Amino acid sequence: MSENSDSLNLTSIQTKLEKAKGAGYWRSLDELASVDGFKDFLHREFPRQASEWIDDEGRRNFLKIMGASLALAGLSACTKQPTEFIMPYVEAPEQAIPGKPLFYATAFPVAGVANPILVEAHEFRPTKVEGNPEHPASMGSTDVPTQASILGLYDPDRLQTVNFIGEVRSYPSFLQSFIGALAKQQAKTGSGIRILTETVTSPTLYAQMQDVLKLYPGAKWYQWEPTGHGRRMGMQQAFGQFLNPVYKFDQAEVVLSIDGNFLGNGPGGVRYARDFVSKRTLRGENKTQSRFYAVETTPTSTGCKADHRQAIKPSEVAGFVRGLAATLGGAGASGPLATTKFYSALVKDLQAAKGKSIVIAGEDQSPEVHAVVHYINQVLGNNGTTVTFTQPIEPKPADQWADLTALLADLHSGQVDLLLILGGNPVYCAPPELNLRGAIQMAKMRVRLGDHEDETSEICQWNIPATHAFEAWSDAPAYDGTVSIIQPLIAPLYGGKSAHELLSAFTETPEKSSYESVRDYWRAKHTGTDFETWWKHSVHDGFIKDSALPAVNATAKLVAPAGGSAAGGSGYEISFHSDPYILDGRYANNAWLQEMPRPVSRLTWDNAVIVSQKTADDLKVTDEDLVAIDYNGHTVWGAIWRIPGQPDGSVALSMGYGRKRSGRAGNGAGFDVYPLRPASSPYFGTGAIVRKLGEKFRLAAVQHHFAMEGRKPVHAGTLDEFKQDPYFSQKQSETPPKGLTIFPETWKYEGYAWGMAIDLTACVGCNTCVVACQSENNIAVVGKEQVLNTREMHWIRIDRYYKGEPDEPDMYFQPVACVQCENAPCEVVCPVAATETDAEGLNNMVYNRCVGTRYCSNNCPYKVRRFNFLLFSDWESESVKLQRNPDVTVRSRGVMEKCSYCVQRINYAKITAEKEDRKVRDGEIVPACAAACPSQAIMFGDLNDPKSRVSEWKRHSLNYSLLGELDTRPRTTYLTEIRNPNPEVQKSEKDS
Amino acid sequence: MAQPVELPDRIEVGPVIDEGHSLGSVSDKIAGIVLKRKTTLGWILGFLVSFSLLQALMAAATWLFVKGVGVWGINIPVGWGFAIVNFVWWIGIGHAGTLISAILLLLNQSWRNAINRFAEAMTLFAVMCAGMFPVLHTGRPWLAYWLFPYPNTMDLWPQFRSPLVWDVFAVSTYFTISLVFWYVGLMPDLATLRDGAVQRWKQVIYGFFSLGWRNSARHWQRYEKASLLLAGLATPLVLSVHTVVSFDFAVAILPGWHTTIFPPYFVAGAIYSGFAMVLTLMIPARRFYGLEDIITIRHLNNMAKVTLATGLIVGYGYITEAFFGYYSADIYEKFETLNRMGGPYAPFYWTLVLCNIIMPQFLWFKRIRTNPLVLWFFSIVVNIGMWLERFVIVVVSLHRDFLPSSWGMYWPTIWDWAVLIGTIGFFLTAVFIFVRILPMITIFELRLLLPGAQVKKEPVAR
C-alpha cells in the first residue's frame with residue numbers, strides 16, 4: 001500500500017464536496033471515488049482485509065461506492081445546512097460566568113400595572129422572578145401572577161407562528177397584506193380602522209397609538225377589560241375626573257375594607273401588604289396595632305386578616321356605605337343605618353381616627369360604591385393624608401363599557417374594514433348578550449395579537465403571536481406612576497411580536513423594533529443632557545427615578561344613588577369576582593396558577609359556586625353538588641363549595657374559568673360565569689335561580705379540615721392579652737425541656753445554625769411564597785386528578801383554620817414547610833439514610849439515595865414531605881425545561897422531596913463568603929419564599945448569631961414551636977398571631 | 001408436704017389418628033396422594049382459578065413497575081396502604097406454621113405431626129407473599145437492594161436505626177430458617193416417594209432432592225439432632241419476627257402506631273391469623289383428600305382452641321389501646337382512638353371488633369370447634385378480621401394525624417386490589433402445587449403416632 005503523501009485528506013474531500021452542489025451531487029460521487037488519491041484514502045481507512053479482497057471486480061466496486069457513500073455521508077449531510085455562526089466563548093460576554101446567575105431589572109405588567117422585578121437568568125435563560133428591592137412598589141417582593149409569569153414565558157401552548165385562517169404564514173407576508181389593507185384606508189383617512197386593546201398604560205404604546213391616530217384620523221381606538229371598571233369610574237364619579245388613588249397603609253390607624261382584597265393583590269397590593277403589616281406586627285418596637293374592619297360579599301384572604309369582619313349581601317353594599325357616610329356626618333348622605341355592635345364600633349373607631357384611617361373598596365365593586373367610599377374618606381379627612389391621588393397612570397382613562405358599546409355599534413354599521421385586537425380575550429370575557437363574537441366577524445380584516453390560540457383568535461383571520469413581557473422592550477407604570485423600562489431577557493421564543501411592533505406597522509417604518517420605539521420615545525421625552533447614561537441607569541435599575549406621579553388635590557362629592565339594580569326579589573344574589581390568580585382568565589393556562597390553592601376555598605383547578613352553610617341547607621345541597629344557575633337569560637352549571645363567612649342567600653362566582661380554548665392547563669378547568677354577567681350590571685345581580693341538579697362534580701381542594709380540633713397549631717390572641725402578658729402564647733403549649741432523653745446530646749451546632757421564623761400576624765395568606773418556591777425548586781405540577789388524591793407537591797403550603805362561630809368565624813393562615821427538626825422523626829425511620837440532618841441543622845433530602853419507602857412522610861407530624869408517586873416532573877415539554885433552576889435537581893418518580901430552606905442559595909452564599917474569607921452576613925441568604933413574601937412574614941438566618949434578625953424574632957415573647965410538645969425541636973418557629981379586636985364587640989372565643 | 005395430686009387425663013376430643021391405620025397404610029395413603037392419585041378435575045379447576053388470580057399480581061406488578069406506586073391509592077398523608085397491610089397480614093399468617101413445627105415440637109405436642117408439614121409449607125408461601133411487598137411498595141424498586149448491608153464503593157450502609165432495616169433481617173432470616181427446617185423435614189418423605197415412585201423421572205427427581213436418604217440409624221440420629229436444633233432456632237423467630245414487624249409502627253411517633261403493647265399484641269395476632277389460615281386451608285384439604293382419619297376432629301379442636309386463646313390476647317390488646325387513648329390524656333392519642341371508633345373508617349373498626357373480638361367467643365363452644373364447616377366459616381372471619389386490623393392500624397392512624405390541615409383519606413384503587421388478590425392467587429397456586437407434588441403430611445412423623453410405633457411406657461416425660 002503506497003504511503004502517498006499528497007493523498008487526499010478529509011479536509012480536501014470536504015472542500016471538494018462543498019463545491020459539488022445541486023442535483024448533480026450524488027452523481028458526482030462516482031467521479032469522486034475514482035480519483036486516485038481518494039482510492040488510497042479508502043484503502044487506508046478500511047481494514048487490511050478489505051483492501052486485499054481482490055476476487056470479484058463488481059463486488060469490489062460496489063463495496064467501494066458503499067464505503068464512499070457512508071464516509072461521505074458522514075462528512076457532509078445530504079441537505080445543505082444554512083450558514084450559521086456559532087460564537088466561541090473565548091471572549092465571554094461581560095459578567096457572564098457559566099453557572100452564575102445574572103439578574104436583570106425589568107417589570108411584569110399585570111392588567112397594565114407594572115410589577116417591578118429582577119429576573120434571574122442562568123446562561124441567558126430566565127428562570128426565576130424576584131422583586132426589585134429598589135422600587136417602591138415592590139421593595140423586593142412580588143405577587144402571585146408575577147412569580148408565575150416565568151412559566152407563562154415557557155408555556156408550551158403559546159401561539160407559536162403567525163397564521164392566516166389556520167395556515168402558517170410569515171410575519172413579512174402579514175405585513176404585506178396589512179400594508180395593502182392600510183393603503184385602501186389611506187383614501188378614507190382610516191375610517192375603516194378600529195383598534196381594540198386592553199387598558200393601555202405604556203407611555204410608548206400610547207404615543208405610538210397617537211401617531212397612528214394622527215396618520216389615520218378616521219381610525220378609532222377602544223380599550224376594554226372585563227374588570228377594573230368600578231375603580232376607574234368611581235373615581236370619575238366622585239371627583240369629576242379620572243385619578244389614581246395611592247393608599248398609605250403605613251399611616252392608617254383604622255382600615256375599613258369594602259370587599260377590598262388589597263393585601264398582595266391588585267395594583268399596589270405588594271406594597272400595601274407591606275405597609276399594612278408594618279402597622280400590625282408586634283416585632284421590634286411595635287407595641288400597638290392598627291384596627292382592621294372588613295365588610296365583604298365573599299370571604300377573601302384580606303378579609304381573613306380582619307379584626308372584625310362582617311358578611312353582607314352584594315346588594316346591601318351600596319346602602320351600607322351610604323349609611324356609613326351619613327353616620328359619619330356626610331352632608332346629604334342617607335342610607336340604611338346598621339345598629340349592630342360591629343357598626344357602632346366601626347363608626348366610633350373611624351371617627352376617632354380622622355385623617356388616619358382608610359376606607360377602601362374592592363376591584364369588583366361598582367363605581368357607585370367606589371365613589372361613596374372616596375366621599376367617606378373625604379368626610380374622614382383621609383384624602384390627602386392616608387389616601388392621596390395622582391393623575392391616572394392610564395394615559396387615556398375611559399369608560400371602557402362605553403368603548404365596547406361604541407365598538408359594537410361600529411362593527412354593526414359595517415364600516416369596520418380592519419379590526420386590530422391587541423391582547424385581551426374580549427370574545428371570552430364579554431357578556432353574551434352583546435354577541436361580540438358575531439359582531440367582530442362583521443369586520444372585514446381581523447388581526448389579533450395574542451399569546452394563545454383562544455376564543456378571540458378563533459374568529460380572527462390573522463393571528464400574530466405576542467411576545468411575553470420577558471421577550472420584548474416596553475415600558476409600564478407601577479401603581480404610583482413610577483415608570484419601569486421593560487427590558488427583554490431572551491429573544492422571542494416563537495418569533496412573537498409586541499404591540500409596539502404591530503403599531504409600527506401602521507407607520508412608514510413598519511419593521512421598527514420595540515427597542516427603537518421605546519428608546520425613541522424616551523429620548524424624545526428626556527430633558528436632561530446625557531441621554532445614554534440616563535437610559536442605561538433607568539434600564540439597569542428597572543425604573544425611571546423620580547417618575548412617580550405627583551399628588552394632586554381633589555375633592556370628592558357625594559354621588560346620587562345609581563338605583564335600579566339593587567331591587568331585591570326572590571331568588572339568590574350572585575356576585576362576580578375576579579380570581580386572585582388567573583384574574584379575568586388571562587392566566588388560565590398557567591399550570592402553577594391553576595394548581596395554586598385559592599386562599600380561602602383551598603380549591604385548585606376549578607372555580608366553584610361559593611355559598612354559606614345556610615344557603616346550602618336551603619338548596620339542600622352540599623359540597624361538590626352540581627347546581628344550575630339561571631340568570632341574565634343564561635344557565636351555567638357549577639359545583640357547590642361551602643365557605644363560612646359567605647353571606648346567606650348570596651352566591652359568589654369567580655371569573656376566568658371554563659375556558660374552552662386556552663391550552664392544556666386551562667381547558668375545561670372550572671365553569672365560565674361570564675354568560676351570567678350582564679353588561680348593565682357586571683358587579684352583582686339579584687334574583688338568580690339556583691337549581692340542584694342531583695349530580696356530583698369533584699372539586700380538588702388541598703385541605704379538607706379547617707377546624708383546629710382542640711389543638712393549637714395556630715397560636716392566636718388579642719392585643720390586650722399580649723399587653724397583659726407578653727408570654728401568654730408560650731403558655732398555651734408545652735415544650736419538653738432539653739435533656740429528657742437518655743441519649744447524650746453531644747452535638748453542638750457550632751458553625752452556622754440555620755433557622756426560620758414566620759410571623760403569623762404578618763402572613764396575609766396570598767400564596768406568593770408557594771409559587772416562588774415552586775419556581776425556585778422545580779416543583780412539579782400534578783394536575784387535578786392527583787390533587788384530588790392529595791398528592792400535590794408544593795413544598796410550602798398555607799394552612800387555613802377557622803375558629804369561633806361557624807357562620808362568622810375567625811380565619812387564620814399558617815404557612816407550613818419542612819420545619820427542619822433537629823430531632824427529626826423522618827430521619828430515624830429512613831432505611832437508607834436518604835434524609836439526614838447536617839452539621840448546620842439542615843434536614844437534607846438526598847434524592848439519589850431515596851428508594852421511596854415513604855416511611856419518613858408517615859412519621860412526619862407536619863406532613864410536609866412530598867412524594868413523586870408517579871413521574872410528576874414534565875420531562876417532555878422542551879420549553880418547560882428551559883425554566884428549570886439548574887441548581888436544583890429535577891426529581892424523578894419514586895423519590896421523596898421537601899423544603900430544603902433553599903439549600904442551593906445557602907451554599908451559594910457560603911461559597912461566596914468563603915472565597916472572601918468571612919462569615920455569611922445576616923440577610924445574605926434569603927430563601928425564595930421569604931424573598932417573595934409581600935408582607936415580609938418570613939425571616940431566615942443564622943441562629944448562632946445573636947444579632948441576626950431571625951434570632952431577634954425568635955427571642956420575641958410571641959415565638960412558639962409548631963407541635964413543640966413532640967420534642968422535634970423545629971428550626972422553623974412561628975410568632976403568634978395577634979389581632980386587635982374592639983373590646984366593645986363581643987365574640988365568643990371558643991373553638992369551632 | 002401435700003400429697004401429689006393425680007391429675008386426671010386430659011379430656012381429648014377423639015384420637016390424633018383414627019384407628020385402623022398401620023405403618024404401611026399411612027405411608028401408602030399419604031404418598032399415594034402424590035404418586036398414585038390421578039390429577040382430579042377439582043385440582044385442575046382450583047389450580048386454574050388460583051393461577052388466574054396470580055396473573056392479576058403479574059399484571060398489577062407490571063403496571064406498578066411501569067408507572068410507579070402512584071397507581072395505588074396511597075397519598076400524603078396515607079403513605080402506606082394495601083401493600084403494608086398485606087405485608088403484615090401475610091407475615092402474620094406465616095407464624096402458625098413455625099409455631100406448629102418448632103414450638104409444638106419442643107413442647108412434644110405429638111398431635112402437631114399431622115398438620116406440621118402443611119402448616120410449614122403455608123408459612124413459606126405466606127412469607128414469599130409478604131416478602132414481595134417491601135420491594136413492590138418502594139418508589140424505586142430497582143434500588144430496593146440498598147436495604148441490604150452489602151459492601152459498596154459508596155461506602156454506604158443501611159441506616160440501622162430504621163425498623164425497615166430490621167425488617168429486612170427479620171424476614172429474610174425467618175424465610176431462610178423456615179425453608180431449611182421444612183426441607184430437612186421433607187427429606188425422609190422424599191426418600192419414601194423416591195422409593196414408591198414408578199416412573200423413572202420421578203425417582204430421579206425425588207431421589208435428587210432426598211439427598212441420598214437411606215433410612216439408616218445414623219441418618220435418623222442426625223436428622224433428629226438437626227431437627228431439634230432448627231426448632232430451637234425457629235422458636236425465637238416466632239416471637240421476634242412479628243415483634244420486629246410491629247416495630248415498623250411502634251417506633252414511629254404517630255398516634256395509633258407509637259404503642260408499647262405492639263410487640264406481644266402483634267405476635268398474638270400473628271398466631272391468631274396463622275391458625276385461622278391453617279384451618280381455612282386444612283378443612284377443605286382433609287375433606288377433598290379423604291384425610292379425616294389423619295387430620296382428625298381433635299386437630300381442628302386444638303387449633304380452634306389456640307385461635308381462641310390468641311384471639312383473646314388480641315382482644316385484650318384492643319381494649320388496652322382504647323384505654324390508653326383515654327388514660328394518656330394525650331389529645332392526639334385520644335383523638336386517634338375516637339377517630340377509629342367514630343371517624344370515616346369506623347365501619348372498618350367495628351367490623352374488626354366483630355371479627356376479632358365477638359366472633360371468636362363462639363369458639364368457647366365445643367360443638368362449634370368440632371364442626372368443620374362452621375369452624376371453616378369462623379376461620380375465614382378471623383382472616384378478614386386480621387386483615388382489617390392491619391388496615392385500621394396502618395391507614396386509619398395515618399389519615400388523621402397531628403395537623404388537621406393535612407388530614408386526608410385513602411381509598412384503594414383497582415391495582416391495590418389486584419395486588420392483594422394476586423398474592424392470594426400466588427399463595428393458593430403454591431399450595432395447589434405443593435399438595436400435588438409433595439406429601440402434605442409428614443409420613444414418618446405420623447407413623448410415630450401409631451400404636452405400633454409407641455415405645456413401651458417408660459418413666460420419661462412425654
# chains A, B, ... in the order shown; residues from 1 in each chain; ligands from 1
call {"tool": "residues_around", "arguments": {"residues": "region 106-123 of chain B", "least_positions_apart": "5", "cutoff": "8 Å", "atoms": "only C-alpha atoms", "output": "list in words"}}
result
Val16, Ile93, Gly94, His95, Ala96, Gly97, Thr98, Ile100, Ser101, Ser178, Trp182, Gly185, Leu228, Ala231, Gly232, Val278, Ile294, Ile295, His299, Val431, Phe434, Met440, Ile441, Thr442, Glu445, Leu446, Leu449 and Arg462 of chain B
call {"tool": "residues_around", "arguments": {"residues": "Val392 (chain B)", "least_positions_apart": "6", "cutoff": "8 Å", "atoms": "only C-alpha atoms", "output": "ChimeraX atom specification"}}
result
/B:340,345,348-349
call {"tool": "residues_around", "arguments": {"residues": "region 796-798 of chain A", "least_positions_apart": "3", "cutoff": "8 Å", "atoms": "only C-alpha atoms", "output": "number ranges by chain"}}
result
A: 599, 765, 767, 769-770, 773, 813-818, 864, 899
call {"tool": "write_last_selection", "arguments": {"atoms": "C-alpha atoms", "output": "PDB file, in the first residue's frame"}}
result
ATOM      1  CA  PRO A 599     -56.537  31.196  49.810  1.00  0.00           C
ATOM      2  CA  GLY A 765     -52.241  34.155  53.008  1.00  0.00           C
ATOM      3  CA  ASN A 767     -49.627  32.184  48.392  1.00  0.00           C
ATOM      4  CA  CYS A 769     -44.318  32.028  48.823  1.00  0.00           C
ATOM      5  CA  VAL A 770     -45.848  28.874  47.386  1.00  0.00           C
ATOM      6  CA  CYS A 773     -40.908  28.065  45.944  1.00  0.00           C
ATOM      7  CA  PHE A 813     -53.342  31.447  57.844  1.00  0.00           C
ATOM      8  CA  GLN A 814     -50.292  29.424  58.627  1.00  0.00           C
ATOM      9  CA  PRO A 815     -47.526  28.774  56.132  1.00  0.00           C
ATOM     10  CA  VAL A 816     -46.050  25.334  56.741  1.00  0.00           C
ATOM     11  CA  ALA A 817     -42.965  23.955  55.069  1.00  0.00           C
ATOM     12  CA  CYS A 818     -40.451  21.479  56.422  1.00  0.00           C
ATOM     13  CA  VAL A 864     -44.630  18.447  54.763  1.00  0.00           C
ATOM     14  CA  CYS A 899     -38.398  22.068  51.625  1.00  0.00           C
TER      15      CYS A 899
END
call {"tool": "interface_residues", "arguments": {"of": "chain A", "to": "chain B", "cutoff": "9 Å", "atoms": "only C-alpha atoms", "output": "PDB file with C-alpha atoms, in the first residue's frame"}}
result
ATOM      1  CA  VAL A 702     -55.867  20.691  49.161  1.00  0.00           C
ATOM      2  CA  GLN A 703     -57.262  20.964  52.638  1.00  0.00           C
ATOM      3  CA  HIS A 704     -60.359  19.256  53.956  1.00  0.00           C
ATOM      4  CA  HIS A 705     -60.354  20.067  57.639  1.00  0.00           C
ATOM      5  CA  PHE A 706     -60.482  23.598  58.802  1.00  0.00           C
ATOM      6  CA  ALA A 707     -61.199  23.350  62.489  1.00  0.00           C
ATOM      7  CA  MET A 708     -58.252  23.018  64.821  1.00  0.00           C
ATOM      8  CA  GLU A 709     -59.918  20.111  66.673  1.00  0.00           C
ATOM      9  CA  GLY A 710     -58.898  21.392  70.060  1.00  0.00           C
ATOM     10  CA  ARG A 711     -55.262  21.547  69.008  1.00  0.00           C
ATOM     11  CA  PRO A 713     -51.357  24.721  65.508  1.00  0.00           C
ATOM     12  CA  GLN A 786     -53.647  13.906  41.632  1.00  0.00           C
ATOM     13  CA  ASN A 789     -55.868  12.242  45.878  1.00  0.00           C
ATOM     14  CA  THR A 790     -53.934  14.814  47.974  1.00  0.00           C
ATOM     15  CA  ARG A 791     -50.710  14.325  46.083  1.00  0.00           C
ATOM     16  CA  GLU A 792     -49.918  17.983  45.381  1.00  0.00           C
ATOM     17  CA  ASP A 799     -52.968  26.124  56.043  1.00  0.00           C
ATOM     18  CA  ARG A 800     -56.166  27.922  56.803  1.00  0.00           C
ATOM     19  CA  TYR A 801     -58.055  27.369  60.018  1.00  0.00           C
ATOM     20  CA  PRO A 825     -38.727  11.875  63.192  1.00  0.00           C
ATOM     21  CA  CYS A 826     -38.247  11.325  59.474  1.00  0.00           C
ATOM     22  CA  GLU A 827     -34.561  10.607  59.822  1.00  0.00           C
ATOM     23  CA  VAL A 828     -34.543   7.656  62.176  1.00  0.00           C
ATOM     24  CA  VAL A 829     -37.005   5.685  60.126  1.00  0.00           C
ATOM     25  CA  CYS A 830     -35.365   6.010  56.728  1.00  0.00           C
ATOM     26  CA  PRO A 831     -33.776   2.634  55.982  1.00  0.00           C
ATOM     27  CA  VAL A 832     -31.190   4.030  53.593  1.00  0.00           C
ATOM     28  CA  ALA A 833     -30.210   7.280  55.300  1.00  0.00           C
ATOM     29  CA  ALA A 834     -31.643   9.364  52.489  1.00  0.00           C
ATOM     30  CA  ARG A 849     -30.262   7.785  47.759  1.00  0.00           C
ATOM     31  CA  CYS A 850     -34.029   7.683  48.296  1.00  0.00           C
ATOM     32  CA  VAL A 851     -35.679   4.362  47.480  1.00  0.00           C
ATOM     33  CA  GLY A 852     -39.142   5.678  48.231  1.00  0.00           C
ATOM     34  CA  THR A 853     -40.443   3.767  51.255  1.00  0.00           C
ATOM     35  CA  ARG A 854     -42.422   6.868  52.325  1.00  0.00           C
ATOM     36  CA  TYR A 855     -41.815   5.947  55.953  1.00  0.00           C
ATOM     37  CA  SER A 857     -43.579  11.042  55.423  1.00  0.00           C
ATOM     38  CA  ASN A 858     -45.648   8.761  57.615  1.00  0.00           C
ATOM     39  CA  ASN A 859     -43.549   9.701  60.589  1.00  0.00           C
ATOM     40  CA  CYS A 860     -43.539  13.425  59.842  1.00  0.00           C
ATOM     41  CA  PRO A 861     -46.017  15.087  62.185  1.00  0.00           C
ATOM     42  CA  TYR A 862     -46.159  18.160  59.944  1.00  0.00           C
ATOM     43  CA  LYS A 863     -46.816  16.134  56.780  1.00  0.00           C
ATOM     44  CA  VAL A 864     -44.630  18.447  54.763  1.00  0.00           C
ATOM     45  CA  ARG A 865     -42.929  15.773  52.763  1.00  0.00           C
ATOM     46  CA  ARG A 866     -43.998  15.322  49.175  1.00  0.00           C
ATOM     47  CA  PHE A 867     -43.637  12.139  47.188  1.00  0.00           C
ATOM     48  CA  ASN A 868     -43.309  11.598  43.463  1.00  0.00           C
ATOM     49  CA  PHE A 869     -45.931   8.886  43.304  1.00  0.00           C
ATOM     50  CA  LEU A 870     -45.719   8.960  39.534  1.00  0.00           C
ATOM     51  CA  LEU A 871     -43.464  10.754  37.119  1.00  0.00           C
ATOM     52  CA  ARG A 893     -40.562   9.202  40.043  1.00  0.00           C
ATOM     53  CA  GLY A 894     -40.435   7.348  43.348  1.00  0.00           C
ATOM     54  CA  VAL A 895     -38.465   9.931  45.286  1.00  0.00           C
ATOM     55  CA  MET A 896     -39.418  11.896  48.370  1.00  0.00           C
ATOM     56  CA  LEU A 963     -46.074  20.767  67.666  1.00  0.00           C
ATOM     57  CA  LEU A 966     -43.357  16.337  70.341  1.00  0.00           C
TER      58      LEU A 966
END
call {"tool": "residues_around", "arguments": {"residues": "Asn778 (chain A)", "least_positions_apart": "3", "cutoff": "8 Å", "atoms": "only C-alpha atoms", "output": "list of chain:residue names"}}
result
A:Gln774, A:Ser775, A:Arg884, A:Asn885, A:Val888, A:Thr889, A:Val890
call {"tool": "residues_around", "arguments": {"residues": "Ala371 (chain A)", "least_positions_apart": "3", "cutoff": "9 Å", "atoms": "only C-alpha atoms", "output": "compact mmCIF listing (two decimals) with N, CA and C atoms, in the first residue's frame"}}
result
# COMPACT_ATOMS: atom_id res chain seq x y z
N GLY A 230 -65.01 49.51 38.03
CA GLY A 230 -65.58 50.18 39.20
C GLY A 230 -64.61 51.20 39.78
N ARG A 231 -63.35 50.81 39.88
CA ARG A 231 -62.34 51.70 40.44
C ARG A 231 -62.18 52.96 39.58
N MET A 233 -64.23 54.24 37.17
CA MET A 233 -65.38 55.11 37.01
C MET A 233 -65.84 55.71 38.34
N GLY A 234 -65.56 54.98 39.43
CA GLY A 234 -65.90 55.53 40.75
C GLY A 234 -65.13 56.80 41.00
N MET A 235 -63.90 56.79 40.58
CA MET A 235 -63.06 57.96 40.71
C MET A 235 -63.63 59.12 39.90
N GLN A 236 -64.03 58.77 38.70
CA GLN A 236 -64.55 59.79 37.80
C GLN A 236 -65.83 60.39 38.38
N GLN A 237 -66.67 59.50 38.96
CA GLN A 237 -67.94 60.00 39.51
C GLN A 237 -67.71 60.86 40.74
N ALA A 238 -66.77 60.44 41.58
CA ALA A 238 -66.59 61.16 42.83
C ALA A 238 -65.88 62.49 42.62
N PHE A 239 -64.91 62.50 41.73
CA PHE A 239 -64.06 63.69 41.61
C PHE A 239 -64.32 64.46 40.31
N SER A 366 -68.96 48.29 42.45
CA SER A 366 -69.47 49.17 41.41
C SER A 366 -68.86 50.57 41.54
N PRO A 367 -68.93 51.35 40.47
CA PRO A 367 -68.43 52.73 40.54
C PRO A 367 -69.09 53.50 41.68
N GLU A 368 -70.36 53.23 41.90
CA GLU A 368 -71.10 53.96 42.94
C GLU A 368 -70.45 53.73 44.30
N HIS A 374 -64.84 57.06 48.36
CA HIS A 374 -63.96 58.23 48.27
C HIS A 374 -64.56 59.40 49.06
N TYR A 375 -65.87 59.47 48.99
CA TYR A 375 -66.54 60.54 49.73
C TYR A 375 -66.37 60.34 51.24
N ILE A 376 -66.47 59.08 51.68
CA ILE A 376 -66.29 58.80 53.11
C ILE A 376 -64.88 59.20 53.54
N ALA A 556 -63.81 64.99 46.78
CA ALA A 556 -64.84 64.06 46.36
C ALA A 556 -66.20 64.63 46.71
N LYS A 557 -67.14 64.38 45.82
CA LYS A 557 -68.50 64.79 46.13
C LYS A 557 -69.37 63.53 46.21
N LEU A 558 -70.48 63.66 46.88
CA LEU A 558 -71.37 62.52 47.04
C LEU A 558 -72.14 62.32 45.74
N VAL A 559 -72.13 61.10 45.27
CA VAL A 559 -72.86 60.85 44.02
C VAL A 559 -74.27 60.39 44.33
call {"tool": "residues_around", "arguments": {"residues": "Met442 (chain A)", "least_positions_apart": "5", "cutoff": "10 Å", "atoms": "only C-alpha atoms", "output": "PyMOL selection string"}}
result
chain A and resi 408+410-417+419+436-437
call {"tool": "write_last_selection", "arguments": {"atoms": "C-alpha atoms", "output": "mmCIF file, in the first residue's frame"}}
result
data_model
loop_
_atom_site.group_PDB
_atom_site.id
_atom_site.type_symbol
_atom_site.label_atom_id
_atom_site.label_comp_id
_atom_site.auth_asym_id
_atom_site.auth_seq_id
_atom_site.Cartn_x
_atom_site.Cartn_y
_atom_site.Cartn_z
ATOM 1 C CA LEU A 408 -70.084 47.153 18.697
ATOM 2 C CA ASP A 410 -69.167 50.494 14.588
ATOM 3 C CA LEU A 411 -68.990 46.817 13.832
ATOM 4 C CA HIS A 412 -72.716 46.542 13.312
ATOM 5 C CA SER A 413 -72.727 49.531 10.983
ATOM 6 C CA GLY A 414 -70.427 47.504 8.737
ATOM 7 C CA GLN A 415 -67.890 50.286 8.436
ATOM 8 C CA VAL A 416 -65.013 48.349 10.004
ATOM 9 C CA ASP A 417 -62.596 47.160 7.345
ATOM 10 C CA LEU A 419 -60.009 45.413 13.177
ATOM 11 C CA LEU A 436 -69.208 40.351 20.346
ATOM 12 C CA ARG A 437 -68.285 37.151 18.600
#
call {"tool": "residues_around", "arguments": {"residues": "Ala700 (chain A)", "least_positions_apart": "6", "cutoff": "8 Å", "atoms": "only C-alpha atoms", "output": "list in words"}}
result
Leu603, Thr604, Trp605, Asp606, Lys784, Glu785, Val787 and Leu788 of chain A
call {"tool": "closest_residue", "arguments": {"among": "A:Ile459, A:Ala476, A:Leu243, A:Leu380", "to": "Pro116 (chain A)", "atoms": "only C-alpha atoms"}}
result
A:Ala476
call {"tool": "decode", "arguments": {"residues": "region 373-401 of chain A", "atoms": "C-alpha atoms", "output": "short mmCIF file (atom, residue, chain, number, x, y, z; two decimals), in the first residue's frame"}}
result
data_model
loop_
_atom_site.label_atom_id
_atom_site.label_comp_id
_atom_site.auth_asym_id
_atom_site.auth_seq_id
_atom_site.Cartn_x
_atom_site.Cartn_y
_atom_site.Cartn_z
CA VAL A 373 -66.04 55.35 49.61
CA HIS A 374 -63.96 58.23 48.27
CA TYR A 375 -66.54 60.54 49.73
CA ILE A 376 -66.29 58.80 53.11
CA ASN A 377 -62.54 59.26 53.02
CA GLN A 378 -63.21 62.90 52.25
CA VAL A 379 -65.53 63.17 55.24
CA LEU A 380 -62.97 61.48 57.44
CA GLY A 381 -60.27 63.81 56.26
CA ASN A 382 -58.23 60.96 54.85
CA ASN A 383 -57.98 62.34 51.36
CA GLY A 384 -54.64 63.98 51.11
CA THR A 385 -53.21 62.21 54.15
CA THR A 386 -53.65 58.45 54.09
CA VAL A 387 -55.25 58.44 50.67
CA THR A 388 -53.54 60.51 48.04
CA PHE A 389 -54.38 60.97 44.42
CA THR A 390 -52.27 61.33 41.34
CA GLN A 391 -53.06 61.79 37.72
CA PRO A 392 -54.14 58.42 36.34
CA ILE A 393 -51.45 56.01 35.28
CA GLU A 394 -53.52 55.25 32.22
CA PRO A 395 -52.76 57.84 29.57
CA LYS A 396 -56.30 57.61 28.27
CA PRO A 397 -58.67 56.54 31.00
CA ALA A 398 -62.07 55.83 29.60
CA ASP A 399 -65.43 54.36 30.36
CA GLN A 400 -64.48 51.03 28.90
CA TRP A 401 -68.01 49.67 28.73
#
